[in-house]
2 protein chains.
Amino acid sequence: MSTEKYVYTFGGGVAEGNKSMKDLLGGKGANLAEMSSIGLPIPPGFTISAEVCKYYNEHDEQWQDGVEKQVQQGIHQLEELMDLTFGDAADPLLVSVRSGAAKSMPGMMDTVLNLGLNDQSVKGLARKTDNERFAYDCYRRFIDMFGCVVMGIDHDRFEEVIQKLKDEEGAELDTDLGVEELKELVDRYKAVYRKSTGYMFPQNPNEQLHYAINAVFGSWSSKRAKTYRKINRITGLLGTAVNVQAMVYGNMGDDCATGVCFTRNPADGTNELYGEFLINAQGEDVVAGIRTPQNISKLKEVMPKSYDELQEVTEKLEEHYQDMQDIEFTIQQGELFILQTRNGKRTGTAAIKIADDMVNEGLIDKEGAVLNLVNPGHLDQLLHPQLSQSDVDEKEIIGEGLPASPGAAVGKVVFSSEQAEKEHAQDHPVILVRIETSPEDVGGMSAAEGILTSRGGMTSHAAVVARGWGKPCVAGCDDIVINYEAQSFTNGEVTIKAGDWISIDGARGLVIKGQKPVEEPDFGDDFHTFMGWVDSLRDMKVRTNADTPEDAIRARKFGAQGIGLARTEHMFFGEERIKAMRRMIMAESDGERRKALKVLLPYQKQDFIQIFEAMEGLPVTVRLLDPPLHEFLPDDEEEIKALADDLQISVRDLNRKIRLLKEFNPMLGHRGCRLGITYPEITEMQTRAILEAAVHLKKEGKKVQPEIMIPLVGTAEEFIHQHEIVDHTAADVFALENEVVDYKVGTMIEIPRAAIVADKIAEEAEFFSFGTNDLTQMTYGYSRDDAGKFLETYMKEGILENDPFQTLDEEGVGRLVEIATNKGRKVQPKLKVGICGEHGGDPSSVRFCYNLGLNYVSCSPYRVPVARLAAAQARLKLNGEQQTENNNRRSELVSS
Amino acid sequence: MSTEKYVYTFGGGVAEGNKSMKDLLGGKGANLAEMSSIGLPIPPGFTISAEVCKYYNEHDEQWQDGVEKQVQQGIHQLEELMDLTFGDAADPLLVSVRSGAAKSMPGMMDTVLNLGLNDQSVKGLARKTDNERFAYDCYRRFIDMFGCVVMGIDHDRFEEVIQKLKDEEGAELDTDLGVEELKELVDRYKAVYRKSTGYMFPQNPNEQLHYAINAVFGSWSSKRAKTYRKINRITGLLGTAVNVQAMVYGNMGDDCATGVCFTRNPADGTNELYGEFLINAQGEDVVAGIRTPQNISKLKEVMPKSYDELQEVTEKLEEHYQDMQDIEFTIQQGELFILQTRNGKRTGTAAIKIADDMVNEGLIDKEGAVLNLVNPGHLDQLLHPQLSQSDVDEKEIIGEGLPASPGAAVGKVVFSSEQAEKEHAQDHPVILVRIETSPEDVGGMSAAEGILTSRGGMTSHAAVVARGWGKPCVAGCDDIVINYEAQSFTNGEVTIKAGDWISIDGARGLVIKGQKPVEEPDFGDDFHTFMGWVDSLRDMKVRTNADTPEDAIRARKFGAQGIGLARTEHMFFGEERIKAMRRMIMAESDGERRKALKVLLPYQKQDFIQIFEAMEGLPVTVRLLDPPLHEFLPDDEEEIKALADDLQISVRDLNRKIRLLKEFNPMLGHRGCRLGITYPEITEMQTRAILEAAVHLKKEGKKVQPEIMIPLVGTAEEFIHQHEIVDHTAADVFALENEVVDYKVGTMIEIPRAAIVADKIAEEAEFFSFGTNDLTQMTYGYSRDDAGKFLETYMKEGILENDPFQTLDEEGVGRLVEIATNKGRKVQPKLKVGICGEHGGDPSSVRFCYNLGLNYVSCSPYRVPVARLAAAQARLKLNGEQQTENNNRRSELVSS
């Protein structure tokens, strides 16, 4: 009877497992097998299959017959490959033990290092490294680690003991303890172990190994791991595998070294080894910064053979992983070991250059480069000015908030929108600092270089508006307290007054004292080459959300293929306009309302002419007035008085009217098409402005594609009602102007009910655009302005994986998007469908939209390149998955 | 070649059509045919098929060949049956022309009466009625009606003329004009007609008829009718049919009469003819009240033959329609004609008695009686005290608002909750009058006999709370203006001061000056017999929403089979409780919060003990704390000061903290399970209170079925999180008490997302309860508190058919209920599913829930009998439909 295979060895250029065996070997084990197979010099080891874990947990902590024996064989093979003996007093083999399931998860057992150390082998280690202090330090750490991780002893018990010893010896730091003290510490640690477990610390390495393996298996069933799997619905896994791997040391003499290196320069992308190393040292010495490491190029001089080997390995790695790698290595007595390799982090500039180079070098094809070598975050970095990192001193950072909108901004502090506009008019750069912002602040926000708020989340008003404009913003910086009266803010230590210079880094959320230098973005040829590939591989359109001609022009430069959302409400905030708008809101009759609207018409028309012109004939979707009218009313006494004078009513009466307009839940109130239905004059005026603008341009021989979008539709009846007003007004405009323009009428799907009755709406609508911001608010029942109070707890407790306002919730909101798209297309197969919420610029949401077959995504101008890349990647991923599916089907056919 | 049939005659006890031919004959035509077929003496006539309308509208206003001829044959048959001649100078046949499609709709042509009158036949009519004034008055009205309705002349044109004539003659009323003036008026009207149309007024009755028929056909394509059909999605109809029917007159002499009667007494249900008549009069004389009609019993003396005939007809009608009928009749020269019959309106008392009697008389079976003879509104009437109608004088009505909660209440006016409580303590009955109410007013609302508000809709706070308690309420009465400072309200004419008596009728929305007598409801044997049948025919359970032991006891009396929703927030409003609650809310640490909760625990426990006891072992679903915490905080300065003292902080600091808790959209804010997740102590305390109460009763040998409901769940993870706290706390309580109680943990489905991921939630939940109030708010994106601003317009414009907060929106919200139920049951086939929103007491929503297979509906105590009846009716209707379906299938099988 042949025994099942439970243990899979790797090392010496071969492996029994491979990367497809994740279920059995876990992610880590499968990867180690893979690396060994391609001939990388990794420290040898073996993986115990997750099946053993399953058996262990189901059979009262027993192993299957044969596992014990296979583990012993694994150890023997290790001993042979390393030419060492497990537990040997002179030349001990030491190993690490790690957990590793098919899916990574917290709550699993931590790593145990240096297993195999005991009272004898510690001496061998001391001799071999010629460093007795190192050996005993390893030993005392091993007892601590084994005690805590494997036996569940409270780490504080060990801490108390070392603290007591340090007090006795007058030592301040751990490193102040000498060899003799460490030997004493080992004894005292063993006593803690004995007292806590009732047993002596195990001297037999096999016993140590057995316990450690079982501890890994046991951690699979820990409460924390179980809860995590339940909440994250990780099911169908056997358990965790266990990886046992030989320890290697870079501190056994001058023929030893340890280092880290990138296969290319991660800062600028140059194709050269980039990294550093230390002779006769451990990995942590490089990180700790006690000794200064040497540049990797020096290795060529000191250890030419190892350097050549490293060169060779990096080439092999790049060829295999088709990406730049970040490597940890150790040279033990002249022999190179790769401890770890992973895709290297890099700057945006480097990412683009590496992608271009690797394609030119034939290492990867364009599809691969677009799919894997540049991520959306890289592009985002490239598009904004940056603070030069070398010029920022840690000590100058006076606050850290949310990285609400990337880019750097430098200016003098102002605390009001008016002040911002005043300074801006004199060409003074300012940073607008507010507790939070509201639509009334948009003037000042627009005038400022950047925005800093002390309250509000990633989706607060300040954050959303700033991202839309690509303006740097640090939001919710609760390190600082703002005092409007005193015209200053403070972090408790430093106080900044109005007029003082500060710099903000919106990509990292930093607030820095003083005027820091800023580096402008430089796109260069590499960028254009790369984006050319992106567009050639993309088949979903990318539009932009733009409310002004400036936005539109910027977005065109970034490659936008139309406007997916032109909000009209911001157009009413100019001085003359807001006056007319307020008169319109306060009108007591249709007649008065029409009169006020008549004043607004020419402004709106002019806005649309400019936006249409900027888009040069590409489609422009204009959303009719959306926010509740009270948002346009003044808050402060002075403005209220001015308005009362203008309306020739008393302040008291005006205040009463303003109060009447206030709503308990404005988000769910009198807004969107509800306005257009109760006040059809508004819809008429806006339609007139849009179509008169279109006619005007057409008469000049220019192309225009206006698309009129009815917001907040929840029933087909609402849409029909507004559609009729639009058509009626259009006929009127065309008759008067003696010119006809093609226009489309569609709706935003942003109310859950609209998604459910999308088929009915599609009978009448020419396009759908998902307003996923509001759709998320209503589908979850979360007010974006208020959810900050609990969303943080939700993310911490794992109740939500992502902030649903940043990444589309596929399971809930996404399901409504899918239902609406399918229902709509069923009735009208060619229905144009897009998305114009914040998610239009979020890569994973873009992918979701692509997979649903949407025609376009629309996002803020600065996100357009990101969305272009995400759209191309989405297509490549879907193609890849379909190919895999086809291949699987093919192999099924072949094997059957 | 035989011609198609286009014209269907009826009359003389036979008919060519029948009730199944609605598509061709329209609803009205099919019904006339039916009445004729069963031998009712209706005025004869004929119906022109809707096919002609279709042809007319598709073929340039032409009729099919043969229609003209069939219409002529119809007229001839009429002439024969009536022994009259169309257009005859001596003995003219006059007819009415009416539209009538398969579905009734506004925007169609109005009725034309007395068609056939011309300069000659008017003299015949004068002779036959011996009333020249009547004849010419008919004629001038006919010209006006024909001109306006058929030819589209503006009615004002005729009005101007008659006004001028009256001015000339010094006449004040139309009735002041004598015969000669009417003859003059006829001439002037003909001139108007000629001037407006360019043609003479047609003297040929056939020409008149032709025009009238075409006008009906044309009105099908009017803009108004088209828009109505589009918005209401009425499709697939051919067009409208046209009904031409002989005119009969009750004013041709003393052998003529006209009257109205009910087949039974509509006030108390007694089986006797009930009505009145006038000799030698027209129908409008009865209505106009110029002559005093006689009791119908007198007809027996005056016209014994006709009376017997009428008796016979009413029996035939009751047998045929299986319901009490409301009849209009005319006796023309000794011959009885039934002009109209319909199911008679009746009081609740009458409805119950008629149902019981008709079953006993064998006229209808129990199923039929339950299904058709009593409607939920009847029961609603019965359950509340009523104002005695005879005691209310129109002139005493000082305002009319929304009928927010039925029943009558009488009391002295108070304007504040405190005052209401004070007066109540001294046993003074009061009516609480507020602009609107908030949760702070519940004390006063509870103390008052009834509630009157000047603002807010059918689902405003006042309305919802009042209905819940069965307390009379008139809401949104904008006839009155309330002045808190002056302690009075006025409708402009009458001013009512605090302390003055008023009476309100919540079923009709009336506010009446003074102290009116009130009649207490009396159920009696008939009611119990009927409700016994209802329950025997019902298979869906009816629970109640009840927050107090008093509610629970009342609901049990009304037949509730459990509590579907026990809200816990009202339990925190007592004086000591609110103090502890506020301390809990303001706690700066978990410790402080726990301390405050500890104070609340015994109160909650005591509440639950009483509620469980009242329900005598039936299931009780307790919802954990739901509203945002700021709802518990004080508004007015005095209370804020008291709280600040209690908390030992400054008023300024407290105000700041209160401001921080305020939310932009509290409906979508930090509430429901979001509270339980951020403050698990709250969930723990409430669970402890519920289960300690349950254990307490079990130890006393009593049965308890607690069901713990987690509110506002949107993700499975939230539910799992709270479920674990509940289970953990339960284990703790049971261990401490050494007693175990069965309990269920389930959730409210009230967030759209929860419906979409219901399968995931059902894996963990033991029951679902649809909170359709919030589900409606979020699915539509309507804030109940704010939607008043546009809902009225929506209903007026036909955008919404019903207020979705009163009747469940089946297409949108209902679809989510269906999705959630199906998804939930797919995972857990025996999942208990109910509904606990306001809709649980709305008959059509109850039917919808029944058809979806829900286990129960839960509604306020006073709606329980209504829901029981609606549930029984739902079952009978579904059975009926399934039977019809089976029959249809059977006949298909037979015919194939």
# chains A, B, ... in the order shown; residues from 1 in each chain; ligands from 1
$ select_by_dssp --residues "region 345-538 of chain B" --states "alpha helix (DSSP H)" --output "NGL selection string"
:B and (348-360 or 366-368 or 376-383 or 417-425 or 442-447 or 461-469 or 524-536)
$ closest_atom_pairs --of "chain A" --to "chain B" --cutoff "9 Å" --atoms "only C-alpha atoms" --output "tab-separated table"
residue	atom	partner	partner_atom	distance
A:Lys230	CA	B:Glu717	CA	8.7
A:Ile231	CA	B:Glu717	CA	5.8
A:Asn232	CA	B:Glu717	CA	8.3
A:Lys662	CA	B:Asp786	CA	8.9
A:Glu663	CA	B:Asp786	CA	6.0
A:Phe664	CA	B:Asp785	CA	6.5
A:Asn665	CA	B:Asn665	CA	4.3
A:Pro666	CA	B:Asn665	CA	6.6
A:Met667	CA	B:Asn665	CA	6.6
A:Leu668	CA	B:Tyr782	CA	4.8
A:Gly669	CA	B:Asp786	CA	5.5
A:His670	CA	B:Lys789	CA	6.7
A:Arg674	CA	B:Phe790	CA	6.7
A:Leu675	CA	B:Phe790	CA	8.2
A:Ile677	CA	B:Thr793	CA	7.9
A:Thr678	CA	B:Thr793	CA	6.5
A:Leu712	CA	B:Gly781	CA	8.4
A:Gly714	CA	B:Tyr780	CA	6.0
A:Thr715	CA	B:Ile799	CA	7.8
A:Ala716	CA	B:Ile231	CA	8.1
A:Glu717	CA	B:Ile799	CA	5.1
A:Glu718	CA	B:Ile799	CA	6.2
A:Ile720	CA	B:Ile231	CA	7.4
A:His721	CA	B:Ile799	CA	8.1
A:Ile751	CA	B:Gly781	CA	6.2
A:Pro752	CA	B:Thr779	CA	5.0
A:Arg753	CA	B:Thr779	CA	5.1
A:Ala754	CA	B:Gly812	CA	8.1
A:Ala755	CA	B:Gly812	CA	9.0
A:Ile756	CA	B:Gly812	CA	6.1
A:Val757	CA	B:Gly812	CA	6.7
A:Gln777	CA	B:Leu668	CA	7.9
A:Met778	CA	B:Met778	CA	5.4
A:Thr779	CA	B:Pro752	CA	5.0
A:Tyr780	CA	B:Arg753	CA	5.6
A:Gly781	CA	B:Leu668	CA	5.0
A:Tyr782	CA	B:Leu668	CA	4.8
A:Ser783	CA	B:Leu668	CA	4.8
A:Arg784	CA	B:Leu668	CA	8.6
A:Asp785	CA	B:Phe664	CA	6.5
A:Asp786	CA	B:Gly669	CA	5.5
A:Ala787	CA	B:Gly669	CA	6.1
A:Gly788	CA	B:His670	CA	9.0
A:Lys789	CA	B:His670	CA	6.7
A:Phe790	CA	B:Thr678	CA	6.6
A:Thr793	CA	B:Thr678	CA	6.5
A:Tyr794	CA	B:Ile677	CA	8.0
A:Glu797	CA	B:His721	CA	8.9
A:Gly798	CA	B:Glu717	CA	8.0
A:Ile799	CA	B:Glu717	CA	5.2
A:Leu800	CA	B:Glu717	CA	7.8
A:Glu811	CA	B:Val757	CA	7.3
A:Gly812	CA	B:Arg753	CA	5.3
A:Val813	CA	B:Arg753	CA	7.1
A:Arg815	CA	B:Ile756	CA	7.6
A:Leu816	CA	B:Ile756	CA	8.2
$ residues_around --residues "Gly492 (chain B)" --least-positions-apart "2" --cutoff "9 Å" --atoms "only C-alpha atoms" --output "PyMOL selection string"
chain B and resi 479-481+490+494-495
$ write_last_selection --atoms "C-alpha atoms" --output "compact mmCIF listing (two decimals), in the first residue's frame"
# COMPACT_ATOMS: atom_id res chain seq x y z
CA ASP B 479 -57.01 76.45 6.82
CA ILE B 480 -55.82 77.55 10.23
CA VAL B 481 -52.88 79.64 11.39
CA THR B 490 -57.59 81.31 13.58
CA VAL B 494 -63.08 82.46 13.84
CA THR B 495 -60.34 82.60 16.47
$ atom_distance --atom1 "CA of Ala126 (chain A)" --atom2 "CA of Thr258 (chain A)"
18.4 Å
$ residues_around --residues "region 867-870 of chain B" --least-positions-apart "5" --cutoff "9 Å" --atoms "only C-alpha atoms" --output "number ranges by chain"
B: 370-371, 374-376, 379, 531, 534-535, 538, 540-542, 559-560, 840-847, 857-859, 875
$ atom_distance --atom1 "CA of Asp427 (chain A)" --atom2 "CA of Lys513 (chain A)"
21.0 Å
$ closest_residue --among "B:Asn118, B:Gln882, B:Thr47, B:Ser20" --to "Glu34 (chain B)" --atoms "only C-alpha atoms"
B:Ser20
$ select_by_dssp --residues "region 455-606 of chain B" --states "strand (DSSP E or B)" --output "ChimeraX atom specification"
/B:473-475,481-483,488-490,495-497,501-505,510-513,518-519,541-545,563-567
$ residues_around --residues "region 448-463 of chain A" --least-positions-apart "3" --cutoff "8 Å" --atoms "only C-alpha atoms" --output "PyMOL selection string"
chain A and resi 401-405+408-411+420-421+424+429-439+444-445+466-467+471-482+504+784-785+788+805-806
$ write_last_selection --atoms "C-alpha atoms" --output "JSON list (two decimals), in the first residue's frame"
[["chain", "number", "residue", "atom", "x", "y", "z"],
["A", 401, "GLY", "CA", -4.88, 64.34, 7.35],
["A", 402, "LEU", "CA", -6.54, 62.35, 4.60],
["A", 403, "PRO", "CA", -4.89, 62.34, 1.16],
["A", 404, "ALA", "CA", -8.04, 63.76, -0.35],
["A", 405, "SER", "CA", -6.77, 65.05, -3.68],
["A", 408, "ALA", "CA", 1.35, 69.70, -3.93],
["A", 409, "ALA", "CA", 0.30, 73.25, -3.21],
["A", 410, "VAL", "CA", 2.04, 76.13, -1.54],
["A", 411, "GLY", "CA", 0.47, 79.36, -0.40],
["A", 420, "ALA", "CA", -9.09, 83.71, -0.90],
["A", 421, "GLU", "CA", -10.74, 85.45, -3.81],
["A", 424, "HIS", "CA", -6.16, 85.54, -5.76],
["A", 429, "PRO", "CA", -1.11, 82.12, -3.92],
["A", 430, "VAL", "CA", -3.25, 80.98, -0.98],
["A", 431, "ILE", "CA", -4.25, 77.82, 0.82],
["A", 432, "LEU", "CA", -7.88, 77.91, 1.95],
["A", 433, "VAL", "CA", -8.15, 76.50, 5.48],
["A", 434, "ARG", "CA", -11.67, 75.66, 6.68],
["A", 435, "ILE", "CA", -13.18, 73.39, 9.30],
["A", 436, "GLU", "CA", -15.23, 72.08, 6.40],
["A", 437, "THR", "CA", -16.43, 73.51, 3.12],
["A", 438, "SER", "CA", -19.88, 73.98, 1.61],
["A", 439, "PRO", "CA", -21.14, 74.95, -1.85],
["A", 444, "GLY", "CA", -12.66, 80.63, -2.67],
["A", 445, "MET", "CA", -11.81, 76.99, -3.32],
["A", 466, "ALA", "CA", -10.95, 69.35, -5.13],
["A", 467, "ARG", "CA", -10.51, 65.99, -6.86],
["A", 471, "LYS", "CA", -6.65, 70.72, -6.92],
["A", 472, "PRO", "CA", -4.52, 69.47, -4.00],
["A", 473, "CYS", "CA", -6.50, 68.88, -0.84],
["A", 474, "VAL", "CA", -5.82, 67.52, 2.63],
["A", 475, "ALA", "CA", -9.11, 66.80, 4.34],
["A", 476, "GLY", "CA", -10.18, 65.83, 7.85],
["A", 477, "CYS", "CA", -6.84, 66.83, 9.35],
["A", 478, "ASP", "CA", -7.86, 66.51, 12.98],
["A", 479, "ASP", "CA", -4.33, 67.18, 14.18],
["A", 480, "ILE", "CA", -5.13, 70.86, 13.89],
["A", 481, "VAL", "CA", -7.72, 73.07, 15.56],
["A", 482, "ILE", "CA", -8.97, 76.06, 13.57],
["A", 504, "ILE", "CA", 0.38, 70.69, 1.53],
["A", 784, "ARG", "CA", -22.10, 60.73, 2.62],
["A", 785, "ASP", "CA", -21.98, 63.77, 4.86],
["A", 788, "GLY", "CA", -17.93, 59.33, 8.69],
["A", 805, "PHE", "CA", -18.06, 55.89, -2.02],
["A", 806, "GLN", "CA", -14.59, 55.26, -3.37]]
$ closest_residue --among "B:Glu418, B:Val313, B:Glu272, B:Ala241" --to "Ser36 (chain B)" --atoms "only C-alpha atoms"
B:Val313
$ closest_residue --among "A:Glu707, A:Glu440, A:Asp635, A:Glu764" --to "Lys744 (chain A)" --atoms "only C-alpha atoms"
A:Glu707
